[in-house]
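Data first, discussion second: the structure below is written as structure tokens.
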Amino acid sequence: MNSLFPSIVSRSQSSGLMNFFVPIISIVLTLITGSIIFVLLGFDPVYALYTFFISPISSTYGISELFVKATPLALIAIGLSYCFKNNIYNIGAEGQLTMGAIFGGGIGILFHDTNAFWLLPLMIFAGAIGGALWGLIPAILKTKFNTNEILTSLMLVYVALFILDYLVVGPWKDPFGYSFPKSRPFSESGRMPLLFDGLRVHFGLIITLFLIFVSWFIFSKTIFGFQLKVSGYSPKAARYAGFNQTTLVFFAFAICGAFAGVAGLAEVSGPIGLLYRDISPNYGFTAIIVAFLGRLHPIGIIFASLVIALTYLGAEDAQLFLQIPSAVGFIFQGLVLFYLLGAELLINYKLTYKKLL
Amino acid sequence: MNLDLILGILQIVLIATTPLVFAGIGELVTEKSGVLNLGVEGMMLVGAVSAFIILVITGSYFLAFFVSILSGIIMSGLFAFLVLFLMSNQIATGLALTIFGIGLSSMLGKQYIGTPIDGLSPWFFVIFSFLIVFLVSYFFYKTKAGLILRAVGESHNSAHALGYSVIKIRFLSILFGGSLCALAGSYISICYAPMWQEGMTAGRGWIALALVVFATWKPERVLIGAYIFGGVTILQMNLQALGLRFPGQFFSMAPYVATIIVLVLISSNKLRIKLSAPASLTIPFYKGR
């Protein structure tokens, strides 16, 4: 006779198979929970799930919107994986995104009446610098002053948002904007080129795919990627091997900040076209979920960004057609992360039924 | 500056700081048992919205706070299940709790934005916040149960070897922390600013987390830290109201910048942090077979 409840037994080696299946398990469980929530709210679950997950991407425009949302998520998430691989918890990507938008967007505002081929590259570069500088603050505080990066990076999000707010109601306010808190629009050459006529998907997608490829190369083919991985798995082994942890922290934060900064710039020079208060619907925070759901792996992150982008679109449709507040999207995002973290148990442990007799 | 003005400011500081004390001391108890719960902000928001909704529906303050604390127990129970039984990463799970809490609270509260309620006088809670700091301090340093809780946080393997149930003690500590965070939230939505607004805790949950580090995990110092932050917040509001020729946003960021500076000052003494932080913080406990 076997015992009723399984007991948890440590695996001698983590399971690669489970590493692949855990995200899928968590998405399926989220969908099941989602339908239960919809039933409780009094909706036909099939219709609600259809409205949430199928109808937003059943047109060309919908698929383009999916990529518009997935672009910043994937770009920030791949940046975050430089930090998370090394157990550095940078949760302030939203601030780094904002700073990138401020630096890059500032260039765009400065040259608002200039049309030249160099404008967009300069803005992208400035965005990367802005994000990287903002990311380096917690890196310096962590390495020089032993300060917990979770709290400092998070506090800097609020600071960055206040700086943006100051700029768009103060010095950078559009003089012809009827005192709305927004900046001048960027010139035509300061905008991300659209990939297809009539669709909003823009050149930022190409930049994102390129940086994901570069990151894949760094993670799997360079000594730096190896060092990141080793110090994440075993800080002691990394110290013994003589890896410089300070340098790793600096690079991880700078790269993550730069990627988030480019993502922010791609948002303001892509779909938005100017600076204003609400440039990001929490992309910087949601990207944390994307990074975990994608198992910090470039290919995984691409798929995860599409899944999470769908929760944004689905939430908008649910608000429109079912009158469910769009915050339900954040609930789905939270749930998927809960299930993922719970199911991760299966990677390092296995469930067995002990024999009672 | 006359006496009335000073007393007035002192009152506002007391009222504004109380939620920080509740959330900070709740998180401190959780961390003392060796668990880091980054879900403070999420639990505060859900606590705030559930108290508000229950008050609007039933009109009973008692029920409002009761349900709010219950919501904190449920939210932190979810967290406890994941980190204790499924041994998930505490940092990521806490973040998930905050993201989930932000979503849940804004979904539940959507139709209640702008609903007027009669606020409750804060003074009972202000006094209670001082009392609870004293009680927690007494519990930790004068009772056997407090000693066991601290032992679990310092070395779960030793506590386990002595026959104490690490999981049970941590579970209770997490629930205690969750209920105080929810209480902090409901205080904000019912006493401090009697209304509901999305994200109305405005990062206080994160400041509470910083307070625990600032206090080097000692209850009385949470009180001191909370009043420094509360003071800075009220000071910047007053300076903003004076209409100095200086953009208001720079005043508004003051509490967050102050948090960073204080964290840096406290943490740069590496040895002190190492000696005062619970040694098992964020390390999952696996009993093995």
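Quick note on naming: the chains in the structure tokens go A, B, ... in the order shown, residues restart at 1 in each chain, and ligands are numbered from 1 in order of appearance.
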
Enumerate as a tab-separated table (two decimals) with N, CA and C atoms, in the first residue's frame the residues belonging to chain A that approach chain B to within 7 Å, with only C-alpha atoms taken into account.
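Final file, part_13.tsv:
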chain	number	residue	atom	x	y	z
A	141	LEU	N	26.28	51.07	-5.61
A	141	LEU	CA	25.88	50.99	-4.20
A	141	LEU	C	26.05	49.56	-3.68
A	145	PHE	N	29.16	49.82	-1.37
A	145	PHE	CA	28.58	50.10	-0.05
A	145	PHE	C	27.74	48.94	0.47
A	146	ASN	N	27.80	47.78	-0.22
A	146	ASN	CA	27.15	46.58	0.30
A	146	ASN	C	25.64	46.76	0.43
A	147	THR	N	25.05	47.66	-0.39
A	147	THR	CA	23.63	47.97	-0.24
A	147	THR	C	22.79	47.05	-1.11
A	151	LEU	N	16.18	46.86	-3.14
A	151	LEU	CA	15.51	48.07	-2.65
A	151	LEU	C	15.98	49.30	-3.39
A	152	THR	N	17.31	49.42	-3.62
A	152	THR	CA	17.78	50.65	-4.27
A	152	THR	C	17.27	50.74	-5.71
A	155	MET	N	13.63	51.79	-5.57
A	155	MET	CA	13.44	53.20	-5.18
A	155	MET	C	13.75	54.11	-6.37
A	158	TYR	N	10.88	55.11	-8.72
A	158	TYR	CA	10.06	56.27	-8.34
A	158	TYR	C	10.78	57.56	-8.69
A	159	VAL	N	12.09	57.61	-8.42
A	159	VAL	CA	12.85	58.82	-8.70
A	159	VAL	C	12.81	59.14	-10.20
A	162	PHE	N	9.48	60.53	-11.28
A	162	PHE	CA	9.30	61.94	-10.89
A	162	PHE	C	10.11	62.86	-11.80
A	163	ILE	N	11.31	62.43	-12.20
A	163	ILE	CA	12.12	63.26	-13.10
A	163	ILE	C	11.38	63.44	-14.44
A	166	TYR	N	8.57	65.82	-13.97
A	166	TYR	CA	9.06	67.19	-13.90
A	166	TYR	C	9.35	67.73	-15.31
A	325	PRO	N	-12.42	44.85	-15.58
A	325	PRO	CA	-11.32	45.82	-15.53
A	325	PRO	C	-10.03	45.22	-16.09
A	327	ALA	N	-7.15	45.36	-15.28
A	327	ALA	CA	-6.18	44.89	-14.30
A	327	ALA	C	-6.17	43.37	-14.22
A	328	VAL	N	-7.20	42.71	-14.76
A	328	VAL	CA	-7.22	41.25	-14.74
A	328	VAL	C	-5.99	40.69	-15.45
A	330	PHE	N	-2.95	41.80	-15.07
A	330	PHE	CA	-1.90	41.68	-14.05
A	330	PHE	C	-2.14	40.45	-13.17
A	331	ILE	N	-3.44	40.13	-12.95
A	331	ILE	CA	-3.73	38.95	-12.14
A	331	ILE	C	-3.22	37.70	-12.86
A	334	GLY	N	0.51	37.59	-12.49
A	334	GLY	CA	0.91	37.15	-11.16
A	334	GLY	C	0.72	35.65	-11.00
A	335	LEU	N	-0.44	35.15	-11.50
A	335	LEU	CA	-0.75	33.73	-11.37
A	335	LEU	C	0.27	32.87	-12.09
A	337	LEU	N	3.27	33.46	-12.72
A	337	LEU	CA	4.55	33.43	-12.00
A	337	LEU	C	4.44	32.55	-10.75
A	338	PHE	N	3.30	32.63	-10.05
A	338	PHE	CA	3.09	31.75	-8.89
A	338	PHE	C	3.22	30.29	-9.29
A	341	LEU	N	6.79	29.32	-10.19
A	341	LEU	CA	7.70	29.17	-9.05
A	341	LEU	C	7.38	27.91	-8.26
A	342	GLY	N	6.07	27.62	-8.15
A	342	GLY	CA	5.68	26.41	-7.44
A	342	GLY	C	6.14	25.17	-8.19
A	345	LEU	N	9.72	23.33	-8.34
A	345	LEU	CA	10.05	22.24	-7.42
A	345	LEU	C	10.40	20.97	-8.21

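By chain and then residue number, the residues within 8 Å of Ser64 of chain A are Thr60, Tyr61, Gly62, Leu66, Phe67, Val68, Leu199, Arg200 and Val201 of chain A, counting only C-alpha atoms and disregarding those fewer than 2 positions away in sequence.
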
I want to know what sits within 7 Å of segment 228-231 of chain B, based on only C-alpha atoms, with residues of the same chain fewer than 4 positions away left out; could you give that as an mmCIF file with C-alpha atoms, in the first residue's frame?
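Result file is out-v7.cif:
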data_model
loop_
_atom_site.group_PDB
_atom_site.id
_atom_site.type_symbol
_atom_site.label_atom_id
_atom_site.label_comp_id
_atom_site.auth_asym_id
_atom_site.auth_seq_id
_atom_site.Cartn_x
_atom_site.Cartn_y
_atom_site.Cartn_z
ATOM 1 C CA VAL B 13 3.674 62.981 11.309
ATOM 2 C CA ALA B 16 1.363 59.463 8.384
ATOM 3 C CA THR B 17 3.971 57.202 9.971
ATOM 4 C CA ILE B 224 12.790 55.257 14.890
ATOM 5 C CA LEU B 235 8.403 67.935 5.638
ATOM 6 C CA PRO B 255 11.396 59.986 0.708
#

List as a list in words the protein and nucleic acid residues near segment 306-318 of chain A, meaning an atom at most 6 Å away when only C-alpha atoms are counted, but skip any in the same chain fewer than 4 places from it.
Phe52, Phe53, Leu66, Lys69, Ala70, Leu322, Ile324, Ser326 and Gly329 of chain A

Generate the output file for the selected residues, N, CA and C atoms, as a PDB file, in the first residue's frame.
ATOM      1  N   PHE A  52     -10.305  36.677 -24.373  1.00  0.00           N
ATOM      2  CA  PHE A  52      -9.046  37.070 -23.756  1.00  0.00           C
ATOM      3  C   PHE A  52      -7.840  36.643 -24.589  1.00  0.00           C
ATOM      4  N   PHE A  53      -7.868  35.422 -25.084  1.00  0.00           N
ATOM      5  CA  PHE A  53      -6.628  34.874 -25.661  1.00  0.00           C
ATOM      6  C   PHE A  53      -6.663  34.629 -27.166  1.00  0.00           C
ATOM      7  N   LEU A  66       0.490  42.420 -30.979  1.00  0.00           N
ATOM      8  CA  LEU A  66       1.143  41.454 -30.092  1.00  0.00           C
ATOM      9  C   LEU A  66       2.653  41.682 -30.125  1.00  0.00           C
ATOM     10  N   LYS A  69       3.731  44.886 -28.261  1.00  0.00           N
ATOM     11  CA  LYS A  69       3.821  44.724 -26.807  1.00  0.00           C
ATOM     12  C   LYS A  69       4.972  43.799 -26.410  1.00  0.00           C
ATOM     13  N   ALA A  70       5.207  42.777 -27.230  1.00  0.00           N
ATOM     14  CA  ALA A  70       6.237  41.798 -26.879  1.00  0.00           C
ATOM     15  C   ALA A  70       7.642  42.386 -27.021  1.00  0.00           C
ATOM     16  N   LEU A 322     -16.185  42.512 -22.203  1.00  0.00           N
ATOM     17  CA  LEU A 322     -16.794  41.827 -21.054  1.00  0.00           C
ATOM     18  C   LEU A 322     -16.955  42.771 -19.863  1.00  0.00           C
ATOM     19  N   ILE A 324     -14.738  43.662 -17.899  1.00  0.00           N
ATOM     20  CA  ILE A 324     -13.875  43.254 -16.789  1.00  0.00           C
ATOM     21  C   ILE A 324     -12.729  44.268 -16.744  1.00  0.00           C
ATOM     22  N   SER A 326      -9.263  46.040 -16.833  1.00  0.00           N
ATOM     23  CA  SER A 326      -8.107  45.489 -17.536  1.00  0.00           C
ATOM     24  C   SER A 326      -7.030  45.014 -16.568  1.00  0.00           C
ATOM     25  N   GLY A 329      -5.428  41.481 -16.382  1.00  0.00           N
ATOM     26  CA  GLY A 329      -4.189  41.056 -17.044  1.00  0.00           C
ATOM     27  C   GLY A 329      -3.064  40.867 -16.044  1.00  0.00           C
TER      28      GLY A 329
END

Write out as an mmCIF file with C-alpha atoms, in the first residue's frame all residues of segment 48-272 of chain A that DSSP puts in helix (DSSP H, G or I) for this structure's backbone.
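Output contents, as saved in result_28.cif:
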data_model
loop_
_atom_site.group_PDB
_atom_site.id
_atom_site.type_symbol
_atom_site.label_atom_id
_atom_site.label_comp_id
_atom_site.auth_asym_id
_atom_site.auth_seq_id
_atom_site.Cartn_x
_atom_site.Cartn_y
_atom_site.Cartn_z
ATOM 1 C CA ALA A 48 -14.289 34.694 -21.896
ATOM 2 C CA LEU A 49 -11.090 32.781 -22.650
ATOM 3 C CA TYR A 50 -11.767 33.218 -26.368
ATOM 4 C CA THR A 51 -12.171 36.971 -25.864
ATOM 5 C CA PHE A 52 -9.046 37.070 -23.756
ATOM 6 C CA PHE A 53 -6.628 34.874 -25.661
ATOM 7 C CA ILE A 54 -7.872 34.219 -29.202
ATOM 8 C CA SER A 55 -9.814 37.197 -30.509
ATOM 9 C CA PRO A 56 -7.039 39.768 -29.846
ATOM 10 C CA ILE A 57 -4.740 37.975 -32.301
ATOM 11 C CA THR A 60 -3.232 40.968 -38.878
ATOM 12 C CA TYR A 61 -3.532 44.152 -36.861
ATOM 13 C CA GLY A 62 -3.882 42.092 -33.666
ATOM 14 C CA ILE A 63 -0.751 40.086 -34.417
ATOM 15 C CA SER A 64 1.140 43.303 -35.120
ATOM 16 C CA GLU A 65 -0.051 44.665 -31.740
ATOM 17 C CA LEU A 66 1.143 41.454 -30.092
ATOM 18 C CA PHE A 67 4.646 42.133 -31.428
ATOM 19 C CA VAL A 68 4.427 45.803 -30.426
ATOM 20 C CA LYS A 69 3.821 44.724 -26.807
ATOM 21 C CA ALA A 70 6.237 41.798 -26.879
ATOM 22 C CA THR A 71 9.135 43.955 -28.165
ATOM 23 C CA PRO A 72 9.877 45.905 -24.947
ATOM 24 C CA LEU A 73 9.043 42.885 -22.772
ATOM 25 C CA ALA A 74 11.485 40.594 -24.566
ATOM 26 C CA LEU A 75 14.217 43.230 -24.746
ATOM 27 C CA ILE A 76 14.043 44.049 -21.031
ATOM 28 C CA ALA A 77 13.703 40.391 -20.075
ATOM 29 C CA ILE A 78 16.844 39.392 -21.961
ATOM 30 C CA GLY A 79 18.636 42.253 -20.212
ATOM 31 C CA LEU A 80 17.329 41.089 -16.852
ATOM 32 C CA SER A 81 18.636 37.593 -17.488
ATOM 33 C CA TYR A 82 22.212 38.988 -17.369
ATOM 34 C CA CYS A 83 21.396 39.986 -13.775
ATOM 35 C CA PHE A 84 19.220 37.058 -12.717
ATOM 36 C CA ALA A 93 14.096 47.968 -14.998
ATOM 37 C CA GLU A 94 11.055 50.254 -15.130
ATOM 38 C CA GLY A 95 13.261 53.125 -13.934
ATOM 39 C CA GLN A 96 16.034 52.234 -16.367
ATOM 40 C CA LEU A 97 13.431 52.162 -19.149
ATOM 41 C CA THR A 98 12.197 55.603 -18.083
ATOM 42 C CA MET A 99 15.714 57.022 -17.974
ATOM 43 C CA GLY A 100 16.419 55.623 -21.446
ATOM 44 C CA ALA A 101 13.274 57.305 -22.714
ATOM 45 C CA ILE A 102 14.350 60.580 -21.064
ATOM 46 C CA PHE A 103 17.898 60.546 -22.493
ATOM 47 C CA GLY A 104 16.904 59.346 -25.975
ATOM 48 C CA GLY A 105 13.707 61.362 -26.015
ATOM 49 C CA GLY A 106 15.662 64.434 -24.891
ATOM 50 C CA ILE A 107 17.786 64.152 -28.026
ATOM 51 C CA GLY A 108 14.583 63.791 -30.021
ATOM 52 C CA ILE A 109 13.151 66.960 -28.490
ATOM 53 C CA LEU A 110 16.416 68.876 -28.968
ATOM 54 C CA LEU A 119 19.047 61.260 -35.499
ATOM 55 C CA LEU A 120 17.474 57.890 -34.671
ATOM 56 C CA PRO A 121 20.814 56.086 -34.115
ATOM 57 C CA LEU A 122 21.868 58.936 -31.824
ATOM 58 C CA MET A 123 18.615 58.668 -29.880
ATOM 59 C CA ILE A 124 19.009 54.895 -29.510
ATOM 60 C CA PHE A 125 22.573 55.385 -28.298
ATOM 61 C CA ALA A 126 21.488 58.057 -25.802
ATOM 62 C CA GLY A 127 18.688 55.789 -24.594
ATOM 63 C CA ALA A 128 21.147 52.968 -23.957
ATOM 64 C CA ILE A 129 23.482 55.345 -22.087
ATOM 65 C CA GLY A 130 20.644 56.723 -19.961
ATOM 66 C CA GLY A 131 19.416 53.283 -18.971
ATOM 67 C CA ALA A 132 22.937 52.015 -18.310
ATOM 68 C CA LEU A 133 23.805 54.992 -16.084
ATOM 69 C CA TRP A 134 20.609 54.517 -14.089
ATOM 70 C CA GLY A 135 21.388 50.812 -13.775
ATOM 71 C CA LEU A 136 24.925 51.511 -12.616
ATOM 72 C CA ILE A 137 23.728 53.391 -9.525
ATOM 73 C CA PRO A 138 22.502 50.254 -7.712
ATOM 74 C CA ALA A 139 25.581 48.420 -9.039
ATOM 75 C CA ILE A 140 27.911 50.953 -7.423
ATOM 76 C CA LEU A 141 25.880 50.988 -4.204
ATOM 77 C CA LYS A 142 25.944 47.182 -4.108
ATOM 78 C CA THR A 143 29.636 46.720 -4.768
ATOM 79 C CA LYS A 144 31.064 49.729 -2.902
ATOM 80 C CA PHE A 145 28.577 50.095 -0.055
ATOM 81 C CA GLU A 149 20.175 46.117 -4.924
ATOM 82 C CA ILE A 150 16.515 45.039 -4.701
ATOM 83 C CA LEU A 151 15.513 48.067 -2.654
ATOM 84 C CA THR A 152 17.782 50.650 -4.275
ATOM 85 C CA SER A 153 16.869 49.682 -7.846
ATOM 86 C CA LEU A 154 13.178 49.788 -6.915
ATOM 87 C CA MET A 155 13.437 53.195 -5.181
ATOM 88 C CA LEU A 156 15.158 54.568 -8.294
ATOM 89 C CA VAL A 157 12.031 53.695 -10.313
ATOM 90 C CA TYR A 158 10.060 56.270 -8.339
ATOM 91 C CA VAL A 159 12.850 58.823 -8.697
ATOM 92 C CA ALA A 160 13.021 58.315 -12.482
ATOM 93 C CA LEU A 161 9.245 58.656 -12.825
ATOM 94 C CA PHE A 162 9.300 61.938 -10.893
ATOM 95 C CA ILE A 163 12.118 63.260 -13.103
ATOM 96 C CA LEU A 164 10.087 62.399 -16.218
ATOM 97 C CA ASP A 165 7.043 64.051 -14.669
ATOM 98 C CA TYR A 166 9.063 67.193 -13.905
ATOM 99 C CA LEU A 167 10.423 67.360 -17.454
ATOM 100 C CA VAL A 168 7.099 66.984 -19.262
ATOM 101 C CA VAL A 169 5.247 69.519 -17.127
ATOM 102 C CA GLU A 188 9.907 62.138 -38.673
ATOM 103 C CA SER A 189 13.493 60.876 -38.708
ATOM 104 C CA GLY A 190 13.433 60.542 -34.921
ATOM 105 C CA GLY A 204 12.399 48.083 -32.390
ATOM 106 C CA LEU A 205 11.445 44.461 -33.043
ATOM 107 C CA ILE A 206 14.499 43.998 -35.273
ATOM 108 C CA ILE A 207 16.749 45.614 -32.645
ATOM 109 C CA THR A 208 15.267 43.300 -30.007
ATOM 110 C CA LEU A 209 15.796 40.160 -32.081
ATOM 111 C CA PHE A 210 19.363 41.248 -32.830
ATOM 112 C CA LEU A 211 20.160 41.863 -29.145
ATOM 113 C CA ILE A 212 18.571 38.538 -28.186
ATOM 114 C CA PHE A 213 20.824 36.810 -30.717
ATOM 115 C CA VAL A 214 23.878 38.657 -29.372
ATOM 116 C CA SER A 215 22.901 37.651 -25.839
ATOM 117 C CA TRP A 216 22.487 34.036 -26.872
ATOM 118 C CA PHE A 217 26.018 34.198 -28.266
ATOM 119 C CA ILE A 218 27.362 35.806 -25.077
ATOM 120 C CA PHE A 219 25.593 33.347 -22.786
ATOM 121 C CA SER A 220 26.645 30.217 -24.603
ATOM 122 C CA LYS A 221 29.894 31.042 -26.406
ATOM 123 C CA ILE A 223 33.833 33.336 -21.077
ATOM 124 C CA PHE A 224 31.765 36.237 -19.684
ATOM 125 C CA GLY A 225 28.550 34.258 -20.062
ATOM 126 C CA PHE A 226 30.199 31.284 -18.424
ATOM 127 C CA GLN A 227 31.358 33.414 -15.497
ATOM 128 C CA LEU A 228 27.840 34.814 -15.031
ATOM 129 C CA LYS A 229 26.398 31.307 -14.924
ATOM 130 C CA VAL A 230 29.029 29.924 -12.555
ATOM 131 C CA SER A 231 28.742 32.776 -10.056
ATOM 132 C CA GLY A 232 24.986 32.315 -10.124
ATOM 133 C CA TYR A 233 25.150 28.595 -9.415
ATOM 134 C CA PRO A 235 29.471 31.981 -5.704
ATOM 135 C CA LYS A 236 32.148 30.006 -3.854
ATOM 136 C CA ALA A 237 33.312 28.197 -6.986
ATOM 137 C CA ALA A 238 33.374 31.517 -8.839
ATOM 138 C CA ARG A 239 35.543 33.100 -6.146
ATOM 139 C CA TYR A 240 37.840 30.101 -6.157
ATOM 140 C CA GLN A 245 32.340 39.533 -8.838
ATOM 141 C CA THR A 246 32.459 43.358 -8.816
ATOM 142 C CA THR A 247 33.096 43.482 -12.556
ATOM 143 C CA LEU A 248 30.320 40.974 -13.187
ATOM 144 C CA VAL A 249 27.830 43.038 -11.164
ATOM 145 C CA PHE A 250 28.806 46.201 -13.043
ATOM 146 C CA PHE A 251 28.471 44.580 -16.460
ATOM 147 C CA ALA A 252 25.195 42.854 -15.625
ATOM 148 C CA PHE A 253 23.601 46.076 -14.395
ATOM 149 C CA ALA A 254 25.003 48.180 -17.242
ATOM 150 C CA ILE A 255 23.849 45.746 -19.925
ATOM 151 C CA CYS A 256 20.434 45.308 -18.345
ATOM 152 C CA GLY A 257 20.053 49.069 -17.933
ATOM 153 C CA ALA A 258 21.123 49.704 -21.511
ATOM 154 C CA PHE A 259 18.654 47.144 -22.881
ATOM 155 C CA ALA A 260 15.836 48.578 -20.757
ATOM 156 C CA GLY A 261 16.851 52.079 -21.875
ATOM 157 C CA VAL A 262 16.699 51.073 -25.539
ATOM 158 C CA ALA A 263 13.308 49.480 -24.879
ATOM 159 C CA GLY A 264 12.100 52.757 -23.363
ATOM 160 C CA LEU A 265 13.442 54.782 -26.272
ATOM 161 C CA ALA A 266 11.879 52.327 -28.739
ATOM 162 C CA GLU A 267 8.523 52.898 -27.041
ATOM 163 C CA VAL A 268 8.651 56.697 -27.149
ATOM 164 C CA SER A 269 10.129 56.883 -30.649
ATOM 165 C CA GLY A 270 7.972 54.007 -31.879
ATOM 166 C CA PRO A 271 4.261 53.903 -31.054
ATOM 167 C CA ILE A 272 4.196 57.091 -28.908
#

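Take atom CA of Arg277 of chain A and atom CA of Phe292 of chain A: the distance between them is 28.1 Å.
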
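From atom CA of Asn90 of chain A back to atom CA of Ala279 of chain B, the distance works out to 22.3 Å.
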
So how many Å separate atom CA of Tyr192 of chain B and atom CA of Gly119 of chain B, to one decimal?
7.8 Å
